[in-house]
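Report on one structure; see the data block that follows.
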Amino acid sequence: QTVQSHLSSVLSPDNTTRKQHEAELTQLRSMYPSHLTACLIHTLRHSQEEMVKTLSAVILRQMFSNLVPQNTQAWNSFSEDFKSAVKSELLNAIRAESSYVVSKRISEAIAELSVMLLAGDKPESWEELFPFLLEAVGSQDNRLIAVGFHVLSGLSTFFHEEMMKQKESLYNIFIANLQNQDSEVRLRCIDAACNLLGIVDTPESMYFGETLNPMLTSVVWLLEKNIANAEEAIKSLRDLAETEPKFFQSRLNVVYEFLEHIMKLDSDHLGVKYLALDFQVTIAERLSTDFQENHNLCNAVCSKIFEMMISIEQEVYETWLKPEEGFQEEDREDSEIEIDYAKLGRKLLTRMLEGIGDFLIGQILELVKNALQSPDWRMHYASLMTLSEAAQFISETEKIGEIVPIVQSHLSPESNPKVRYAAYVLVARLSEDFEEEFQANHHEAIVPLLLQGASDPVPRVAASACEAINKFFENAGQTIATKYVSQVIQKLIEKLGSENISLVIESSLEALSSLAEACKVEFASFYKQLIPFLVNIIKSYKGDVYKKMKGRAIECLTLMCSSVGKEVFSQNANEVINLLIEIQNTELTQNDPLRAYIMSAWQRICATLGSDFSYFLEQIVPGLLQGVSTEASVSIASEPGTFVDIQSLMTEDSKKKISVTTADLEEKDVAMNTLLTIIDVVKGGFAPYVQQTSAIITPLLDYTVNESVRSTAASICGSLVVSVKESGDPSAQSTAIEMSKGFLGRLWEVTAKEFDTDALVNQLEAIKTLIETPGIEFLTPEEVNSSGEKLIKILESSLQRRERNEKIAAEDSEEEDEFITELNKKEEDSLHTAISEVLGALFKTHKVHSLTIIDFFYNNILSRFLAPEASKEDHKFAIFVIDDVIEFVGQDLAQDKWNALAEALVKYAADTDDAVRQAAVYGIGILAAHSKNETFGPWVSQIIQVLESAISIPVTKSKKSHGHARDNAIAALGRIIKFQYPNINPPSVVPAWVNLLPLRFDKVEARTMHDILLDLTLSNLQLVIGDNQERLGHLMKMFAEILETKMLDSGSVPKVKSLFETVQAAGYSGLQEIWATFTDIQREKVSKVLGQ
């Protein structure tokens, strides 16, 4: 009776009453789990109140969840008789229950219990369950059939072998119930069938091939009965297409006929149309080869997508023109605020282009071209939305200029507001996809349109224009930004007034942030003018609907502080920091979205003030540590009718693949990342908190619930040792060594049982930091060898996983599995890179102690990994290790292997695989830098020849990866010039190298090479520009172009100034002609440098 009273009270509308009785139930659950379990099951069997029974089932489901270790411990403490009674009574409760809602909740509790029993360390049987489920789905009771399918759907992972032993009966059950006149039964039947077929092997799934037509027919039938059920059924089919696309391979025409039928429905069914298209596109992505060979089908699908995009309503409602406060733009089909099917359609087109091939771009642009001829504004809206996604696939960047007039023609006041809105969306995307180039070539045409849009009388359009301003200046560069900053700021200040809606203010704040970042120190003159506006927004607006806007204001304020620099910001630092502390201490509630903005603000301020941020740590760090140490909690649902998706909790190996993300965990993770940033910036200034932080962080290294928490904890360990090392304490060195050894011990333990590859990579990166930070040889030879052995074990486990994945792929060697196979490869590849970096850290800091590891790798691994028949991933890993040996161990200690290592690099320097080639040519550059001249001399001719081959290899798969490989080959040539000058013929090699610059893809190498070029030019101008100044124009235009970009380090700018001054002073003929070839922006950038 007491438990039933608590349950009834938890359902009370009174918040205080509800929380009080939730706490009572939580205490009962903790102290008397068997008693509470028995009472809840008794309530299920005997209560007359449906909501009370529903809540009982929900709490039982929570108590059986294996995501909470205490649940398993509680179950294991029960007697065998009690366990048996629980299982039997749950099945009896379903048999006796008349309510479908209650039955479904009981079925979810049964499913949770099944997972806990079957997925534990010691699986525990439930022999009655599977026969019961077969009995249920084969019965004549529709409630029981639906519940049986519901449980089977979630437990297919565990029961698929037993199910396939009954496949003939199951097939007949599926076929029969796909004609059932109960809509819930049909939905659950489709769901169960799709989940089973997605789990069993492909040949077994084909046995059920004839169920596809009835399933599609059932979806059409469900549309007349229950649209929500029809939509859920299509989602199940879409999920099946993702996991077992071959099921549809011989029936592509059937699926397209289904799509055609759905597309004929009226405009009230846009949601269903979208899901049907999503289903079709998923099949296209997973069966890309079949679609690449069927251009007609591809074009037809693209046409259907466009057809959905233009099926929006003719009328534009006031709620769209001026959204309510707190409104956020959404591109999701499940948005509760607004669904824009033109936006969703453009995402589908992008998936077609990415999944099938960009040969479709011609068809899509033709659709756009034809639509733009129509007088219907919806055609123009859909066309602009399509261009905003499709433009990124246009390889001829000069064609982007043809889009600018299209934008201009749609921004007249007479254009429909949605058309104007879409035009600004297009500008924003062009600014992102063609960063710097779009801005440099079209700023004179675009900026006036942006200023015009910010004053648009329709708030939604004005907000879109402000977002376009944000994206435009985000990638514009300092010169363009400072050219327009005065005009733009005045316009944006107008949008910050209280007469504007929150969406407009938020977009304006983002635009101001981008402008400040682009202008950098040039923004200082506007900084003080804007602070009062931002502080007013932060202080004035109250209520949950303004949380995001306040967050944007905090973000804008701190980005401006960061942009203007420490000297300017220091004048207002106390005011800004005290404001943020006040908000943090007085305004934040649990799971408050504002907290993430505050955490990010601390990171920015910390980065700006540097070590001076230490003065504020005592006000900030305690709150962060409290956030990190707070346990994530899950409350009992006060609304037990909420649907719970069982399948989302089922995995192939639930025990090993748990990854829970809740609002509490996200807050914990954000606090940890903020802490990490602060430690990394203030370094020694964090020393007073190191001990306390270490005590809180160390247990989180094996935080089983969430891999992101484990990863960040590992990173913090490395940063704490850096803090100690740089604290200035007399015992800093010995303390850093002691901490490093302690953390290394714990991290090696957790790596041995880590199941998430990304987390393992982060843990290895932390180990690398811990090895490098003390800066001396602090590990014993035995500890170094032990580290090497552990790395080899991780490598062997990775190789075994890869072999297993390749075997699975070979057994089902169809192209639809390429994505998963490639994803697995990338994960293992990242792990191999992390292993090689830890090896590099050992080689760097423990050269002599590492010789045993080097000998082992040289004799047992490198030869195997470098063999021609080895995989490209193995080749790359071996070359990474070679690069580290050359860079960190050096020629003297590796003299006996030096020529063999060089030979391996030369062998793969012209490899057809971009990643392998990049690793090899990078290694050649390192070889040039670390070889004695007399050792490198015999190699130089062969190496230059192979670098020429590497540079001339054409693009095959990816322009980006090819560009990185080519840049590294050119950089290798640059290092040869710098470090092996006596071994080359400079009049031949230097001009060839200069003509290959600038580097554009590898920004790190670009900055290094462009600085080397400047040094060489300033020391030997004639060699670089040629006797007849034939390379002078190329040289000057190159530096005019890369000024204010990521391709030139700020420290190189004075050298650029010296170069232009030297050239001016030399009075070479043709300088005016060269200057005339510069763009206006390039001339402004050079003039600015010369004026400094």
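In the structure tokens, chains take letters A, B, ... by order of appearance, with residues numbered from 1 within each chain and ligands from 1 in the order shown.
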
For range 908-919 of chain A, work out the shell of residues within 7 Å, counting only C-alpha atoms and skipping chain neighbours fewer than 3 positions away, then give it as a PDB file with all heavy atoms, in the first residue's frame.
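Result saved to out-v5.pdb:
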ATOM      1  N   LYS A 872      48.013  -0.408 -47.367  1.00  0.00           N
ATOM      2  CA  LYS A 872      48.494   0.976 -47.386  1.00  0.00           C
ATOM      3  C   LYS A 872      48.559   1.538 -45.967  1.00  0.00           C
ATOM      4  O   LYS A 872      49.426   2.369 -45.653  1.00  0.00           O
ATOM      5  CB  LYS A 872      47.610   1.839 -48.284  1.00  0.00           C
ATOM      6  CG  LYS A 872      46.155   1.916 -47.841  1.00  0.00           C
ATOM      7  CD  LYS A 872      45.304   2.679 -48.845  1.00  0.00           C
ATOM      8  CE  LYS A 872      43.850   2.763 -48.388  1.00  0.00           C
ATOM      9  NZ  LYS A 872      42.997   3.448 -49.378  1.00  0.00           N
ATOM     10  N   HIS A 875      51.799   0.340 -44.545  1.00  0.00           N
ATOM     11  CA  HIS A 875      52.895   1.116 -45.122  1.00  0.00           C
ATOM     12  C   HIS A 875      53.023   2.463 -44.397  1.00  0.00           C
ATOM     13  O   HIS A 875      54.121   2.886 -44.032  1.00  0.00           O
ATOM     14  CB  HIS A 875      52.647   1.371 -46.613  1.00  0.00           C
ATOM     15  CG  HIS A 875      52.760   0.137 -47.454  1.00  0.00           C
ATOM     16  ND1 HIS A 875      52.211   0.037 -48.713  1.00  0.00           N
ATOM     17  CD2 HIS A 875      53.352  -1.065 -47.223  1.00  0.00           C
ATOM     18  CE1 HIS A 875      52.462  -1.155 -49.220  1.00  0.00           C
ATOM     19  NE2 HIS A 875      53.143  -1.840 -48.330  1.00  0.00           N
ATOM     20  N   LYS A 876      51.903   3.109 -44.194  1.00  0.00           N
ATOM     21  CA  LYS A 876      51.923   4.432 -43.570  1.00  0.00           C
ATOM     22  C   LYS A 876      52.442   4.351 -42.137  1.00  0.00           C
ATOM     23  O   LYS A 876      53.260   5.174 -41.707  1.00  0.00           O
ATOM     24  CB  LYS A 876      50.524   5.059 -43.608  1.00  0.00           C
ATOM     25  CG  LYS A 876      50.507   6.501 -43.114  1.00  0.00           C
ATOM     26  CD  LYS A 876      49.177   7.168 -43.346  1.00  0.00           C
ATOM     27  CE  LYS A 876      48.141   6.676 -42.371  1.00  0.00           C
ATOM     28  NZ  LYS A 876      46.926   7.508 -42.366  1.00  0.00           N
ATOM     29  N   ILE A 879      56.179   3.872 -42.051  1.00  0.00           N
ATOM     30  CA  ILE A 879      56.889   5.101 -42.435  1.00  0.00           C
ATOM     31  C   ILE A 879      56.841   6.117 -41.295  1.00  0.00           C
ATOM     32  O   ILE A 879      57.823   6.837 -41.053  1.00  0.00           O
ATOM     33  CB  ILE A 879      56.292   5.677 -43.735  1.00  0.00           C
ATOM     34  CG1 ILE A 879      56.547   4.702 -44.897  1.00  0.00           C
ATOM     35  CG2 ILE A 879      56.906   7.039 -44.058  1.00  0.00           C
ATOM     36  CD1 ILE A 879      55.775   5.026 -46.153  1.00  0.00           C
ATOM     37  N   PHE A 880      55.707   6.184 -40.563  1.00  0.00           N
ATOM     38  CA  PHE A 880      55.639   7.069 -39.400  1.00  0.00           C
ATOM     39  C   PHE A 880      56.743   6.719 -38.389  1.00  0.00           C
ATOM     40  O   PHE A 880      57.406   7.603 -37.835  1.00  0.00           O
ATOM     41  CB  PHE A 880      54.273   6.947 -38.711  1.00  0.00           C
ATOM     42  CG  PHE A 880      53.172   7.722 -39.371  1.00  0.00           C
ATOM     43  CD1 PHE A 880      51.850   7.480 -39.038  1.00  0.00           C
ATOM     44  CD2 PHE A 880      53.445   8.688 -40.319  1.00  0.00           C
ATOM     45  CE1 PHE A 880      50.821   8.187 -39.636  1.00  0.00           C
ATOM     46  CE2 PHE A 880      52.427   9.407 -40.926  1.00  0.00           C
ATOM     47  CZ  PHE A 880      51.110   9.157 -40.578  1.00  0.00           C
ATOM     48  N   ALA A 904      63.657   2.959 -47.691  1.00  0.00           N
ATOM     49  CA  ALA A 904      62.207   2.737 -47.534  1.00  0.00           C
ATOM     50  C   ALA A 904      61.429   4.009 -47.884  1.00  0.00           C
ATOM     51  O   ALA A 904      60.383   3.951 -48.544  1.00  0.00           O
ATOM     52  CB  ALA A 904      61.896   2.303 -46.105  1.00  0.00           C
ATOM     53  N   LEU A 905      61.939   5.165 -47.466  1.00  0.00           N
ATOM     54  CA  LEU A 905      61.255   6.429 -47.771  1.00  0.00           C
ATOM     55  C   LEU A 905      61.238   6.685 -49.276  1.00  0.00           C
ATOM     56  O   LEU A 905      60.211   7.096 -49.837  1.00  0.00           O
ATOM     57  CB  LEU A 905      61.936   7.590 -47.041  1.00  0.00           C
ATOM     58  CG  LEU A 905      61.877   7.560 -45.504  1.00  0.00           C
ATOM     59  CD1 LEU A 905      62.647   8.736 -44.926  1.00  0.00           C
ATOM     60  CD2 LEU A 905      60.438   7.567 -45.009  1.00  0.00           C
ATOM     61  N   TYR A 922      57.346  13.497 -46.421  1.00  0.00           N
ATOM     62  CA  TYR A 922      57.623  14.223 -45.183  1.00  0.00           C
ATOM     63  C   TYR A 922      58.896  13.672 -44.549  1.00  0.00           C
ATOM     64  O   TYR A 922      59.770  14.427 -44.093  1.00  0.00           O
ATOM     65  CB  TYR A 922      56.449  14.113 -44.208  1.00  0.00           C
ATOM     66  CG  TYR A 922      56.761  14.685 -42.838  1.00  0.00           C
ATOM     67  CD1 TYR A 922      56.694  16.050 -42.614  1.00  0.00           C
ATOM     68  CD2 TYR A 922      57.147  13.859 -41.788  1.00  0.00           C
ATOM     69  CE1 TYR A 922      57.007  16.593 -41.361  1.00  0.00           C
ATOM     70  CE2 TYR A 922      57.467  14.379 -40.539  1.00  0.00           C
ATOM     71  CZ  TYR A 922      57.387  15.744 -40.334  1.00  0.00           C
ATOM     72  OH  TYR A 922      57.707  16.269 -39.099  1.00  0.00           O
ATOM     73  N   GLY A 923      59.010  12.339 -44.538  1.00  0.00           N
ATOM     74  CA  GLY A 923      60.195  11.696 -43.983  1.00  0.00           C
ATOM     75  C   GLY A 923      61.464  12.085 -44.719  1.00  0.00           C
ATOM     76  O   GLY A 923      62.530  12.240 -44.118  1.00  0.00           O
ATOM     77  N   VAL A 946      62.778  11.396 -57.332  1.00  0.00           N
ATOM     78  CA  VAL A 946      61.537  10.778 -56.840  1.00  0.00           C
ATOM     79  C   VAL A 946      60.567  11.854 -56.340  1.00  0.00           C
ATOM     80  O   VAL A 946      59.340  11.702 -56.447  1.00  0.00           O
ATOM     81  CB  VAL A 946      61.831   9.729 -55.745  1.00  0.00           C
ATOM     82  CG1 VAL A 946      62.112  10.374 -54.390  1.00  0.00           C
ATOM     83  CG2 VAL A 946      60.663   8.750 -55.597  1.00  0.00           C
ATOM     84  N   LEU A 947      61.103  12.966 -55.830  1.00  0.00           N
ATOM     85  CA  LEU A 947      60.219  14.068 -55.413  1.00  0.00           C
ATOM     86  C   LEU A 947      59.530  14.701 -56.618  1.00  0.00           C
ATOM     87  O   LEU A 947      58.353  15.075 -56.558  1.00  0.00           O
ATOM     88  CB  LEU A 947      61.003  15.122 -54.635  1.00  0.00           C
ATOM     89  CG  LEU A 947      61.437  14.729 -53.214  1.00  0.00           C
ATOM     90  CD1 LEU A 947      62.291  15.822 -52.593  1.00  0.00           C
ATOM     91  CD2 LEU A 947      60.236  14.423 -52.330  1.00  0.00           C
ATOM     92  N   SER A 949      58.702  13.118 -59.264  1.00  0.00           N
ATOM     93  CA  SER A 949      57.632  12.164 -59.609  1.00  0.00           C
ATOM     94  C   SER A 949      56.446  12.327 -58.668  1.00  0.00           C
ATOM     95  O   SER A 949      55.289  12.317 -59.096  1.00  0.00           O
ATOM     96  CB  SER A 949      58.161  10.733 -59.538  1.00  0.00           C
ATOM     97  OG  SER A 949      59.206  10.538 -60.449  1.00  0.00           O
ATOM     98  N   ALA A 950      56.740  12.482 -57.382  1.00  0.00           N
ATOM     99  CA  ALA A 950      55.663  12.621 -56.389  1.00  0.00           C
ATOM    100  C   ALA A 950      54.841  13.879 -56.641  1.00  0.00           C
ATOM    101  O   ALA A 950      53.609  13.867 -56.539  1.00  0.00           O
ATOM    102  CB  ALA A 950      56.266  12.663 -54.980  1.00  0.00           C
ATOM    103  N   SER A 961      43.462  15.362 -50.050  1.00  0.00           N
ATOM    104  CA  SER A 961      44.549  14.471 -49.643  1.00  0.00           C
ATOM    105  C   SER A 961      45.702  14.524 -50.633  1.00  0.00           C
ATOM    106  O   SER A 961      46.872  14.474 -50.260  1.00  0.00           O
ATOM    107  CB  SER A 961      44.043  13.033 -49.477  1.00  0.00           C
ATOM    108  OG  SER A 961      43.578  12.506 -50.705  1.00  0.00           O
ATOM    109  N   HIS A 962      45.376  14.656 -51.931  1.00  0.00           N
ATOM    110  CA  HIS A 962      46.418  14.797 -52.950  1.00  0.00           C
ATOM    111  C   HIS A 962      47.197  16.087 -52.716  1.00  0.00           C
ATOM    112  O   HIS A 962      48.438  16.124 -52.816  1.00  0.00           O
ATOM    113  CB  HIS A 962      45.789  14.810 -54.343  1.00  0.00           C
ATOM    114  CG  HIS A 962      46.759  15.130 -55.445  1.00  0.00           C
ATOM    115  ND1 HIS A 962      47.049  16.427 -55.833  1.00  0.00           N
ATOM    116  CD2 HIS A 962      47.531  14.327 -56.227  1.00  0.00           C
ATOM    117  CE1 HIS A 962      47.943  16.412 -56.807  1.00  0.00           C
ATOM    118  NE2 HIS A 962      48.242  15.152 -57.066  1.00  0.00           N
ATOM    119  N   HIS A 964      47.691  17.720 -49.908  1.00  0.00           N
ATOM    120  CA  HIS A 964      48.567  17.590 -48.741  1.00  0.00           C
ATOM    121  C   HIS A 964      49.829  16.810 -49.099  1.00  0.00           C
ATOM    122  O   HIS A 964      50.938  17.181 -48.675  1.00  0.00           O
ATOM    123  CB  HIS A 964      47.822  16.906 -47.601  1.00  0.00           C
ATOM    124  CG  HIS A 964      47.003  17.849 -46.772  1.00  0.00           C
ATOM    125  ND1 HIS A 964      47.486  18.454 -45.647  1.00  0.00           N
ATOM    126  CD2 HIS A 964      45.737  18.307 -46.935  1.00  0.00           C
ATOM    127  CE1 HIS A 964      46.557  19.241 -45.133  1.00  0.00           C
ATOM    128  NE2 HIS A 964      45.480  19.170 -45.893  1.00  0.00           N
ATOM    129  N   ALA A 965      49.673  15.731 -49.848  1.00  0.00           N
ATOM    130  CA  ALA A 965      50.839  14.932 -50.246  1.00  0.00           C
ATOM    131  C   ALA A 965      51.769  15.755 -51.134  1.00  0.00           C
ATOM    132  O   ALA A 965      52.999  15.742 -50.962  1.00  0.00           O
ATOM    133  CB  ALA A 965      50.383  13.667 -50.968  1.00  0.00           C
ATOM    134  N   ASN A 968      53.679  18.360 -49.153  1.00  0.00           N
ATOM    135  CA  ASN A 968      54.769  17.794 -48.362  1.00  0.00           C
ATOM    136  C   ASN A 968      55.964  17.420 -49.237  1.00  0.00           C
ATOM    137  O   ASN A 968      57.109  17.484 -48.783  1.00  0.00           O
ATOM    138  CB  ASN A 968      54.277  16.583 -47.563  1.00  0.00           C
ATOM    139  CG  ASN A 968      53.630  16.980 -46.255  1.00  0.00           C
ATOM    140  OD1 ASN A 968      54.257  16.935 -45.207  1.00  0.00           O
ATOM    141  ND2 ASN A 968      52.367  17.392 -46.318  1.00  0.00           N
TER     142      ASN A 968
END

Need the shell around range 146-163 of chain A: protein/DNA/RNA residues with any atom at most 7 Å away, counting only C-alpha atoms. Skip same-chain ones fewer than 3 positions apart. Format as a VMD selection string?
chain A and resid 103 to 104 107 to 108 111 133 136 to 137 142 to 143 166 to 167 184 to 185 188 to 189 191 to 192 195 to 196 199 to 200 646 to 647 650 652

Store the residues of this selection in a file with C-alpha atoms, as a CSV table (one decimal), in the first residue's frame.
chain,number,residue,atom,x,y,z
A,103,SER,CA,1.3,-3.9,-21.9
A,104,LYS,CA,3.9,-2.0,-24.0
A,107,SER,CA,7.2,-5.4,-22.5
A,108,GLU,CA,9.9,-2.7,-22.3
A,111,ALA,CA,13.3,-6.3,-22.7
A,133,LEU,CA,7.1,-14.3,-27.6
A,136,ALA,CA,2.3,-14.1,-28.5
A,137,VAL,CA,3.0,-13.2,-32.2
A,142,ASN,CA,-4.0,-8.3,-31.4
A,143,ARG,CA,-2.8,-6.7,-28.2
A,166,GLN,CA,11.8,-21.0,-36.9
A,167,LYS,CA,12.2,-18.9,-40.0
A,184,GLU,CA,-0.5,-1.2,-34.2
A,185,VAL,CA,0.1,-4.9,-35.2
A,188,ARG,CA,5.1,-3.7,-34.9
A,189,CYS,CA,5.3,-6.4,-37.4
A,191,ASP,CA,9.5,-3.0,-37.0
A,192,ALA,CA,10.3,-6.5,-35.8
A,195,ASN,CA,15.2,-5.3,-37.0
A,196,LEU,CA,15.6,-9.1,-37.5
A,199,ILE,CA,20.9,-8.4,-37.8
A,200,VAL,CA,21.0,-11.8,-39.6
A,646,ILE,CA,13.8,-0.4,-26.8
A,647,GLN,CA,15.9,-0.9,-29.9
A,650,MET,CA,20.2,-2.8,-27.7
A,652,GLU,CA,25.5,-6.3,-30.2

What is the distance, in Å and to one decimal place, between CA of Val994 in chain A and CA of Leu1035 in chain A?
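CA of Val994 in chain A sits 7.9 Å away from CA of Leu1035 in chain A.
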
With a distance cut-off of 10 Å and only C-alpha atoms, select the neighbouring residues of Ile505 in chain A, excluding the residue or stretch itself and same-chain residues fewer than 5 positions from it, and output the selection as a PyMOL selection string.
chain A and resi 459+462-463+466+492-500+510-511+537+549-550+552-553

Can you write just those residues out, N, CA and C atoms, as a PDB file, in the first residue's frame?
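Everything below was put into out.pdb:
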ATOM      1  N   PRO A 459      11.510  40.587 -40.180  1.00  0.00           N
ATOM      2  CA  PRO A 459      12.542  40.158 -39.227  1.00  0.00           C
ATOM      3  C   PRO A 459      13.273  38.879 -39.634  1.00  0.00           C
ATOM      4  N   ALA A 462      15.802  39.787 -42.243  1.00  0.00           N
ATOM      5  CA  ALA A 462      16.892  40.553 -41.638  1.00  0.00           C
ATOM      6  C   ALA A 462      17.831  39.636 -40.871  1.00  0.00           C
ATOM      7  N   ALA A 463      17.262  38.677 -40.164  1.00  0.00           N
ATOM      8  CA  ALA A 463      18.093  37.721 -39.418  1.00  0.00           C
ATOM      9  C   ALA A 463      18.944  36.888 -40.370  1.00  0.00           C
ATOM     10  N   CYS A 466      21.808  38.983 -41.544  1.00  0.00           N
ATOM     11  CA  CYS A 466      22.832  39.100 -40.495  1.00  0.00           C
ATOM     12  C   CYS A 466      23.654  37.817 -40.389  1.00  0.00           C
ATOM     13  N   LEU A 492      24.583  46.871 -37.582  1.00  0.00           N
ATOM     14  CA  LEU A 492      24.331  45.810 -36.604  1.00  0.00           C
ATOM     15  C   LEU A 492      23.906  46.374 -35.256  1.00  0.00           C
ATOM     16  N   ILE A 493      24.448  47.536 -34.888  1.00  0.00           N
ATOM     17  CA  ILE A 493      24.036  48.154 -33.620  1.00  0.00           C
ATOM     18  C   ILE A 493      22.538  48.451 -33.642  1.00  0.00           C
ATOM     19  N   GLU A 494      22.035  48.858 -34.808  1.00  0.00           N
ATOM     20  CA  GLU A 494      20.593  49.123 -34.949  1.00  0.00           C
ATOM     21  C   GLU A 494      19.773  47.871 -34.632  1.00  0.00           C
ATOM     22  N   LYS A 495      20.346  46.706 -34.939  1.00  0.00           N
ATOM     23  CA  LYS A 495      19.595  45.461 -34.759  1.00  0.00           C
ATOM     24  C   LYS A 495      19.636  44.960 -33.318  1.00  0.00           C
ATOM     25  N   LEU A 496      20.445  45.594 -32.447  1.00  0.00           N
ATOM     26  CA  LEU A 496      20.562  45.136 -31.056  1.00  0.00           C
ATOM     27  C   LEU A 496      19.512  45.758 -30.155  1.00  0.00           C
ATOM     28  N   GLY A 497      18.714  46.669 -30.683  1.00  0.00           N
ATOM     29  CA  GLY A 497      17.706  47.345 -29.867  1.00  0.00           C
ATOM     30  C   GLY A 497      16.577  46.420 -29.462  1.00  0.00           C
ATOM     31  N   SER A 498      15.883  46.797 -28.381  1.00  0.00           N
ATOM     32  CA  SER A 498      14.819  45.955 -27.817  1.00  0.00           C
ATOM     33  C   SER A 498      13.612  45.839 -28.737  1.00  0.00           C
ATOM     34  N   GLU A 499      13.513  46.720 -29.753  1.00  0.00           N
ATOM     35  CA  GLU A 499      12.377  46.625 -30.678  1.00  0.00           C
ATOM     36  C   GLU A 499      12.512  45.434 -31.622  1.00  0.00           C
ATOM     37  N   ASN A 500      13.681  44.822 -31.660  1.00  0.00           N
ATOM     38  CA  ASN A 500      13.907  43.663 -32.532  1.00  0.00           C
ATOM     39  C   ASN A 500      13.650  42.360 -31.790  1.00  0.00           C
ATOM     40  N   GLU A 510      26.114  37.300 -33.611  1.00  0.00           N
ATOM     41  CA  GLU A 510      27.036  36.399 -34.299  1.00  0.00           C
ATOM     42  C   GLU A 510      27.827  37.148 -35.368  1.00  0.00           C
ATOM     43  N   ALA A 511      27.152  38.043 -36.077  1.00  0.00           N
ATOM     44  CA  ALA A 511      27.831  38.831 -37.113  1.00  0.00           C
ATOM     45  C   ALA A 511      28.897  39.730 -36.496  1.00  0.00           C
ATOM     46  N   ILE A 537      22.205  43.740 -22.907  1.00  0.00           N
ATOM     47  CA  ILE A 537      21.488  42.539 -23.327  1.00  0.00           C
ATOM     48  C   ILE A 537      21.638  41.442 -22.275  1.00  0.00           C
ATOM     49  N   MET A 549      20.000  33.816 -26.469  1.00  0.00           N
ATOM     50  CA  MET A 549      20.398  35.170 -26.859  1.00  0.00           C
ATOM     51  C   MET A 549      21.430  35.726 -25.872  1.00  0.00           C
ATOM     52  N   LYS A 550      21.200  35.508 -24.577  1.00  0.00           N
ATOM     53  CA  LYS A 550      22.177  35.953 -23.583  1.00  0.00           C
ATOM     54  C   LYS A 550      23.512  35.232 -23.798  1.00  0.00           C
ATOM     55  N   ARG A 552      24.644  34.142 -26.635  1.00  0.00           N
ATOM     56  CA  ARG A 552      25.286  34.748 -27.809  1.00  0.00           C
ATOM     57  C   ARG A 552      25.941  36.087 -27.444  1.00  0.00           C
ATOM     58  N   ALA A 553      25.287  36.836 -26.559  1.00  0.00           N
ATOM     59  CA  ALA A 553      25.860  38.116 -26.132  1.00  0.00           C
ATOM     60  C   ALA A 553      27.156  37.896 -25.347  1.00  0.00           C
TER      61      ALA A 553
END

Which residues are near Glu1030 in chain A? Cut-off 12 Å, only C-alpha atoms, ignore same chain within fewer than 5 positions. Put them as a PyMOL selection string.
chain A and resi 991+994-995+1022-1025+1035-1036+1068-1071+1074

Taking N, CA and C atoms for each residue, export the selection above as a compact mmCIF listing (two decimals), in the first residue's frame.
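The resulting again.txt:
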# COMPACT_ATOMS: atom_id res chain seq x y z
N PRO A 991 64.98 27.55 -58.49
CA PRO A 991 63.89 28.06 -59.33
C PRO A 991 62.72 27.08 -59.46
N VAL A 994 60.73 27.35 -56.23
CA VAL A 994 60.00 28.64 -56.13
C VAL A 994 58.75 28.61 -57.00
N ASN A 995 58.87 28.05 -58.18
CA ASN A 995 57.72 28.01 -59.10
C ASN A 995 56.60 27.10 -58.61
N GLN A 1022 68.85 37.45 -56.09
CA GLN A 1022 69.06 37.18 -57.51
C GLN A 1022 68.79 35.72 -57.85
N LEU A 1023 69.21 34.81 -56.96
CA LEU A 1023 68.99 33.38 -57.18
C LEU A 1023 67.50 33.07 -57.25
N VAL A 1024 66.74 33.71 -56.39
CA VAL A 1024 65.30 33.41 -56.31
C VAL A 1024 64.53 34.01 -57.48
N ILE A 1025 64.80 35.27 -57.82
CA ILE A 1025 63.98 35.91 -58.86
C ILE A 1025 64.52 35.68 -60.27
N LEU A 1035 56.84 35.91 -57.40
CA LEU A 1035 57.20 36.02 -55.99
C LEU A 1035 56.36 37.09 -55.29
N MET A 1036 56.27 38.27 -55.92
CA MET A 1036 55.55 39.36 -55.28
C MET A 1036 54.06 39.08 -55.18
N TYR A 1068 63.67 47.65 -60.00
CA TYR A 1068 63.56 46.77 -61.18
C TYR A 1068 62.52 47.31 -62.15
N SER A 1069 62.79 47.14 -63.42
CA SER A 1069 61.80 47.54 -64.43
C SER A 1069 60.63 46.56 -64.39
N GLY A 1070 59.48 47.04 -64.71
CA GLY A 1070 58.30 46.15 -64.73
C GLY A 1070 57.55 46.09 -63.43
N LEU A 1071 58.01 46.84 -62.40
CA LEU A 1071 57.31 46.79 -61.11
C LEU A 1071 55.89 47.33 -61.22
N ILE A 1074 53.70 44.69 -62.65
CA ILE A 1074 53.41 43.65 -61.64
C ILE A 1074 52.35 44.16 -60.67
